[in-house]
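Visitor: You'll find structure.cif just under this line, and it carries mmCIF, C-alpha atoms.
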data_structure
#
loop_
_atom_site.group_PDB
_atom_site.id
_atom_site.type_symbol
_atom_site.label_atom_id
_atom_site.label_comp_id
_atom_site.auth_asym_id
_atom_site.auth_seq_id
_atom_site.Cartn_x
_atom_site.Cartn_y
_atom_site.Cartn_z
ATOM 1 C CA MET A 1236 129.628 53.690 128.834
ATOM 2 C CA ILE A 1237 129.844 56.116 125.929
ATOM 3 C CA SER A 1238 127.408 59.023 125.943
ATOM 4 C CA LEU A 1239 126.160 60.555 122.716
ATOM 5 C CA ALA A 1240 122.925 62.149 121.643
ATOM 6 C CA SER A 1241 121.629 60.454 118.541
ATOM 7 C CA GLU A 1242 119.109 62.085 116.245
ATOM 8 C CA PHE A 1243 118.632 58.629 114.763
ATOM 9 C CA THR A 1244 117.303 57.229 118.010
ATOM 10 C CA ASP A 1245 115.656 59.812 120.229
ATOM 11 C CA GLY A 1246 117.729 63.015 120.151
ATOM 12 C CA LYS A 1247 118.480 62.823 123.884
ATOM 13 C CA GLY A 1248 121.783 61.971 125.498
ATOM 14 C CA ARG A 1249 122.149 58.197 125.234
ATOM 15 C CA HIS A 1250 124.535 55.936 127.078
ATOM 16 C CA ALA A 1251 125.715 52.679 125.582
ATOM 17 C CA ARG A 1252 128.669 50.335 125.923
ATOM 18 C CA GLY A 1253 129.257 50.741 122.206
ATOM 19 C CA TRP A 1254 128.128 52.687 119.151
ATOM 20 C CA LEU A 1255 127.722 51.689 115.532
ATOM 21 C CA PHE A 1256 128.110 54.752 113.296
ATOM 22 C CA PHE A 1257 126.629 54.592 109.796
ATOM 23 C CA ASP A 1258 126.255 56.847 106.736
ATOM 24 C CA ALA A 1259 122.818 58.445 107.104
ATOM 25 C CA GLU A 1260 122.922 59.616 103.473
ATOM 26 C CA CYS A 1261 122.937 55.995 102.296
ATOM 27 C CA GLY A 1262 119.461 54.480 102.103
ATOM 28 C CA PHE A 1263 120.767 50.918 102.426
ATOM 29 C CA CYS A 1264 122.912 51.884 105.450
ATOM 30 C CA THR A 1265 119.990 53.653 107.138
ATOM 31 C CA ARG A 1266 117.597 50.729 106.578
ATOM 32 C CA THR A 1267 120.208 48.319 107.919
ATOM 33 C CA ALA A 1268 120.820 50.510 110.998
ATOM 34 C CA ARG A 1269 117.066 50.660 111.702
ATOM 35 C CA TRP A 1270 116.846 46.879 111.386
ATOM 36 C CA LEU A 1271 119.845 46.376 113.706
ATOM 37 C CA LEU A 1272 118.723 48.949 116.291
ATOM 38 C CA PRO A 1273 116.524 46.658 118.463
ATOM 39 C CA ILE A 1274 119.036 43.800 118.159
ATOM 40 C CA LEU A 1275 121.895 46.049 119.300
ATOM 41 C CA GLU A 1276 119.878 47.782 122.042
ATOM 42 C CA ARG A 1277 119.339 44.395 123.742
ATOM 43 C CA ARG A 1278 123.150 44.224 123.942
ATOM 44 C CA GLU A 1279 123.499 47.788 125.309
ATOM 45 C CA LEU A 1280 124.775 49.021 121.947
ATOM 46 C CA ALA A 1281 123.408 51.967 119.988
ATOM 47 C CA VAL A 1282 123.507 53.451 116.501
ATOM 48 C CA ALA A 1283 124.106 56.996 115.298
ATOM 49 C CA PRO A 1284 124.869 58.685 111.981
ATOM 50 C CA LEU A 1285 128.459 59.407 111.026
ATOM 51 C CA GLN A 1286 127.239 62.883 110.031
ATOM 52 C CA ASP A 1287 126.607 63.839 113.683
ATOM 53 C CA PRO A 1288 129.226 66.583 114.336
ATOM 54 C CA ARG A 1289 130.235 64.996 117.658
ATOM 55 C CA VAL A 1290 131.216 61.684 116.059
ATOM 56 C CA GLY A 1291 134.323 63.048 114.316
ATOM 57 C CA ALA A 1292 135.593 64.502 117.590
ATOM 58 C CA LEU A 1293 134.744 61.311 119.496
ATOM 59 C CA LEU A 1294 136.630 59.119 117.010
ATOM 60 C CA GLY A 1295 139.406 61.629 116.295
ATOM 61 C CA LEU A 1296 138.812 61.571 112.534
ATOM 62 C CA SER A 1297 138.422 64.227 109.870
ATOM 63 C CA ARG A 1298 135.114 64.378 107.986
ATOM 64 C CA SER A 1299 136.602 62.766 104.865
ATOM 65 C CA GLU A 1300 138.093 59.899 106.897
ATOM 66 C CA LEU A 1301 134.900 59.531 108.879
ATOM 67 C CA LEU A 1302 132.536 59.060 105.931
ATOM 68 C CA ARG A 1303 134.762 56.533 104.171
ATOM 69 C CA GLU A 1304 133.426 53.551 106.115
ATOM 70 C CA LEU A 1305 131.137 52.221 108.813
ATOM 71 C CA ARG A 1306 132.548 52.684 112.345
ATOM 72 C CA PHE A 1307 132.081 50.758 115.588
ATOM 73 C CA LEU A 1308 133.335 52.044 118.954
ATOM 74 C CA LEU A 1309 133.256 50.136 122.240
ATOM 75 C CA SER A 1310 133.473 51.695 125.689
ATOM 76 C CA ASP A 1311 136.873 50.061 126.272
ATOM 77 C CA GLY A 1312 138.235 52.297 123.491
ATOM 78 C CA SER A 1313 138.298 49.593 120.802
ATOM 79 C CA GLN A 1314 137.520 51.196 117.459
ATOM 80 C CA TYR A 1315 136.781 49.376 114.215
ATOM 81 C CA GLY A 1316 136.133 50.533 110.671
ATOM 82 C CA GLY A 1317 134.801 48.941 107.512
ATOM 83 C CA VAL A 1318 134.650 45.169 107.414
ATOM 84 C CA ASP A 1319 136.378 45.049 110.821
ATOM 85 C CA ALA A 1320 133.384 46.961 112.216
ATOM 86 C CA VAL A 1321 130.983 44.510 110.572
ATOM 87 C CA LEU A 1322 132.886 41.595 112.116
ATOM 88 C CA ALA A 1323 133.072 43.249 115.560
ATOM 89 C CA VAL A 1324 129.294 43.753 115.486
ATOM 90 C CA ALA A 1325 128.830 40.154 114.288
ATOM 91 C CA ARG A 1326 130.800 38.930 117.322
ATOM 92 C CA GLU A 1327 128.280 40.719 119.568
ATOM 93 C CA ILE A 1328 125.295 38.820 118.108
ATOM 94 C CA TRP A 1329 125.245 35.047 118.668
ATOM 95 C CA TRP A 1330 123.556 34.180 115.363
ATOM 96 C CA ALA A 1331 125.924 36.431 113.361
ATOM 97 C CA ARG A 1332 129.147 34.979 114.818
ATOM 98 C CA PRO A 1333 129.617 32.548 111.885
ATOM 99 C CA VAL A 1334 130.399 35.613 109.745
ATOM 100 C CA ALA A 1335 133.296 36.401 112.103
ATOM 101 C CA TRP A 1336 134.411 32.766 111.997
ATOM 102 C CA LEU A 1337 134.396 32.870 108.195
ATOM 103 C CA ALA A 1338 136.881 35.749 108.350
ATOM 104 C CA LYS A 1339 139.431 33.438 110.030
ATOM 105 C CA ILE A 1340 139.808 31.311 106.899
ATOM 106 C CA PRO A 1341 143.224 32.094 105.367
ATOM 107 C CA GLY A 1342 142.897 34.748 102.675
ATOM 108 C CA MET A 1343 139.279 35.550 103.549
ATOM 109 C CA MET A 1344 139.954 38.931 105.220
ATOM 110 C CA GLY A 1345 141.483 40.263 102.020
ATOM 111 C CA GLN A 1346 138.429 39.128 100.077
ATOM 112 C CA LEU A 1347 136.051 40.612 102.645
ATOM 113 C CA ARG A 1348 137.920 43.937 102.650
ATOM 114 C CA ARG A 1349 137.886 44.148 98.842
ATOM 115 C CA GLY A 1350 134.161 43.330 98.818
ATOM 116 C CA TYR A 1351 133.401 45.864 101.541
ATOM 117 C CA TYR A 1352 135.265 48.702 99.825
ATOM 118 C CA TRP A 1353 133.744 47.811 96.452
ATOM 119 C CA PHE A 1354 130.279 48.042 97.997
ATOM 120 C CA ALA A 1355 131.103 51.107 100.131
ATOM 121 C CA GLY A 1356 132.323 52.958 97.046
ATOM 122 C CA ARG A 1357 128.941 52.334 95.417
ATOM 123 C CA ARG A 1358 126.695 52.403 98.490
ATOM 124 C CA ARG A 1359 124.539 55.277 97.338
ATOM 125 C CA CYS A 1360 123.629 53.028 94.389
ATOM 126 C CA ALA A 1361 122.339 50.300 96.701
ATOM 127 C CA ALA A 1362 119.066 52.192 97.101
ATOM 128 C CA MET A 1363 116.263 51.976 94.544
ATOM 129 C CA HIS A 1364 117.684 54.801 92.431
ATOM 130 C CA CYS A 1365 121.295 55.264 91.477
ATOM 131 C CA GLU A 1366 122.918 58.600 90.681
ATOM 132 C CA ILE A 1367 125.268 56.923 88.189
ATOM 133 C CA GLU A 1368 122.430 55.169 86.341
ATOM 134 C CA ARG A 1369 120.314 58.318 86.121
ATOM 135 C CA ALA A 1370 123.196 60.265 84.620
ATOM 136 C CA SER A 1371 123.576 57.793 81.750
#
Represent the structure from my file as structure tokens, please.

Guide:
Amino acid sequence: MISLASEFTDGKGRHARGWLFFDAECGFCTRTARWLLPILERRELAVAPLQDPRVGALLGLSRSELLRELRFLLSDGSQYGGVDAVLAVAREIWWARPVAWLAKIPGMMGQLRRGYYWFAGRRRCAAMHCEIERAS
């Protein structure tokens, strides 16, 4: 079990067999994490913001590396980032496993990675208001 206090959940020390770390400054990411929370809790998994100061130390990443992508850490030490994190979470949820199966199609991982990083680079624009659009 991995122990971490999460302001996102209840602020107390929480134990889980895995943690999904998301960008709390991204409205889309936060809404998705809230939606996933009860689904993951049934599987002894938890969510916490990447901005929590303990997360960087736990994952061994600098702040700039940390905020680049979604992260998923399992108690066995397996660590995933970006689309690999999405797929690792999908493998934990029976009805989401087809997404992980899709990734096995030759050439699909490259497409998924490009799509993930395209979206991640614009994720603050996924909310109702976009900084780029307001500036123009």

Visitor: Draw an axis-aligned box over all listed atoms of region 1286-1304 of chain A, pad each side with 3 Å, and write its centre and edge lengths in Å, one decimal, as AutoDock Vina command-line options.

Guide:
--center_x 133.0 --center_y 60.1 --center_z 111.8 --size_x 18.8 --size_y 19.0 --size_z 21.3

Visitor: Can you list, as a PDB file with C-alpha atoms, in the frame of the given file, every protein, DNA or RNA residue that comes within 12 Å of Ala1325 (chain A) when you count only C-alpha atoms, leaving out same-chain residues fewer than 2 positions away?

Guide:
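That gives us around-v4.pdb:
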ATOM      1  CA  LEU A1255     127.722  51.689 115.532  1.00  0.00           C
ATOM      2  CA  LEU A1271     119.845  46.376 113.706  1.00  0.00           C
ATOM      3  CA  ILE A1274     119.036  43.800 118.159  1.00  0.00           C
ATOM      4  CA  LEU A1275     121.895  46.049 119.300  1.00  0.00           C
ATOM      5  CA  ARG A1278     123.150  44.224 123.942  1.00  0.00           C
ATOM      6  CA  PHE A1307     132.081  50.758 115.588  1.00  0.00           C
ATOM      7  CA  VAL A1318     134.650  45.169 107.414  1.00  0.00           C
ATOM      8  CA  ASP A1319     136.378  45.049 110.821  1.00  0.00           C
ATOM      9  CA  ALA A1320     133.384  46.961 112.216  1.00  0.00           C
ATOM     10  CA  VAL A1321     130.983  44.510 110.572  1.00  0.00           C
ATOM     11  CA  LEU A1322     132.886  41.595 112.116  1.00  0.00           C
ATOM     12  CA  ALA A1323     133.072  43.249 115.560  1.00  0.00           C
ATOM     13  CA  GLU A1327     128.280  40.719 119.568  1.00  0.00           C
ATOM     14  CA  ILE A1328     125.295  38.820 118.108  1.00  0.00           C
ATOM     15  CA  TRP A1329     125.245  35.047 118.668  1.00  0.00           C
ATOM     16  CA  TRP A1330     123.556  34.180 115.363  1.00  0.00           C
ATOM     17  CA  ALA A1331     125.924  36.431 113.361  1.00  0.00           C
ATOM     18  CA  ARG A1332     129.147  34.979 114.818  1.00  0.00           C
ATOM     19  CA  PRO A1333     129.617  32.548 111.885  1.00  0.00           C
ATOM     20  CA  VAL A1334     130.399  35.613 109.745  1.00  0.00           C
ATOM     21  CA  ALA A1335     133.296  36.401 112.103  1.00  0.00           C
ATOM     22  CA  TRP A1336     134.411  32.766 111.997  1.00  0.00           C
ATOM     23  CA  LEU A1337     134.396  32.870 108.195  1.00  0.00           C
ATOM     24  CA  ALA A1338     136.881  35.749 108.350  1.00  0.00           C
TER      25      ALA A1338
END

Visitor: Could you jot down the CA of Trp1270 (chain A) to CA of Arg1298 (chain A) separation for me, Å, one decimal place?

Guide: 25.5 Å

Visitor: Identify which of the residues A:Arg1266, A:Arg1349, A:Arg1252, A:Arg1306 lies closest to Leu1280 (chain A), counting all atoms listed in the file when measuring atom-to-atom distances.

Guide: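 For Leu1280 (chain A), the nearest of the candidates is A:Arg1252.
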
Visitor: Rounded to one decimal in Å, what is the spacing between CA of Gly1356 (chain A) and CA of Glu1260 (chain A)?

Guide: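 Distance between the two atoms: 13.2 Å.
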
Visitor: Considering all atoms listed in the file, return as a list in words whatever protein or nucleic-acid residues lie within 10 Å of Cys1264 (chain A), sequence-local ones (same chain, fewer than 2 positions apart) excluded.

Guide: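 Contacts, in chain order: Phe1256, Phe1257, Asp1258, Ala1259, Glu1260, Cys1261, Gly1262, Arg1266, Thr1267, Ala1268, Arg1269, Trp1270, Pro1284, Leu1305, Ala1355, Arg1358, Arg1359, Ala1361 and Ala1362 of chain A.
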
Visitor: So the first atom is CA of Ala1251 (chain A) and the second is CA of Ala1281 (chain A); what is the distance between them in Å, to one decimal place?

Guide: 6.1 Å

Visitor: From the set A:Met1344, A:Leu1309, A:Val1324, A:Leu1301, which residue has the shortest atom-to-atom contact distance to Arg1289 (chain A), counting only C-alpha atoms?

Guide: A:Leu1301

Visitor: With distances taken over only C-alpha atoms, which residue among A:Gly1253, A:Pro1273, A:Gly1312, A:Gly1317 lies nearest Trp1353 (chain A)?

Guide: A:Gly1317
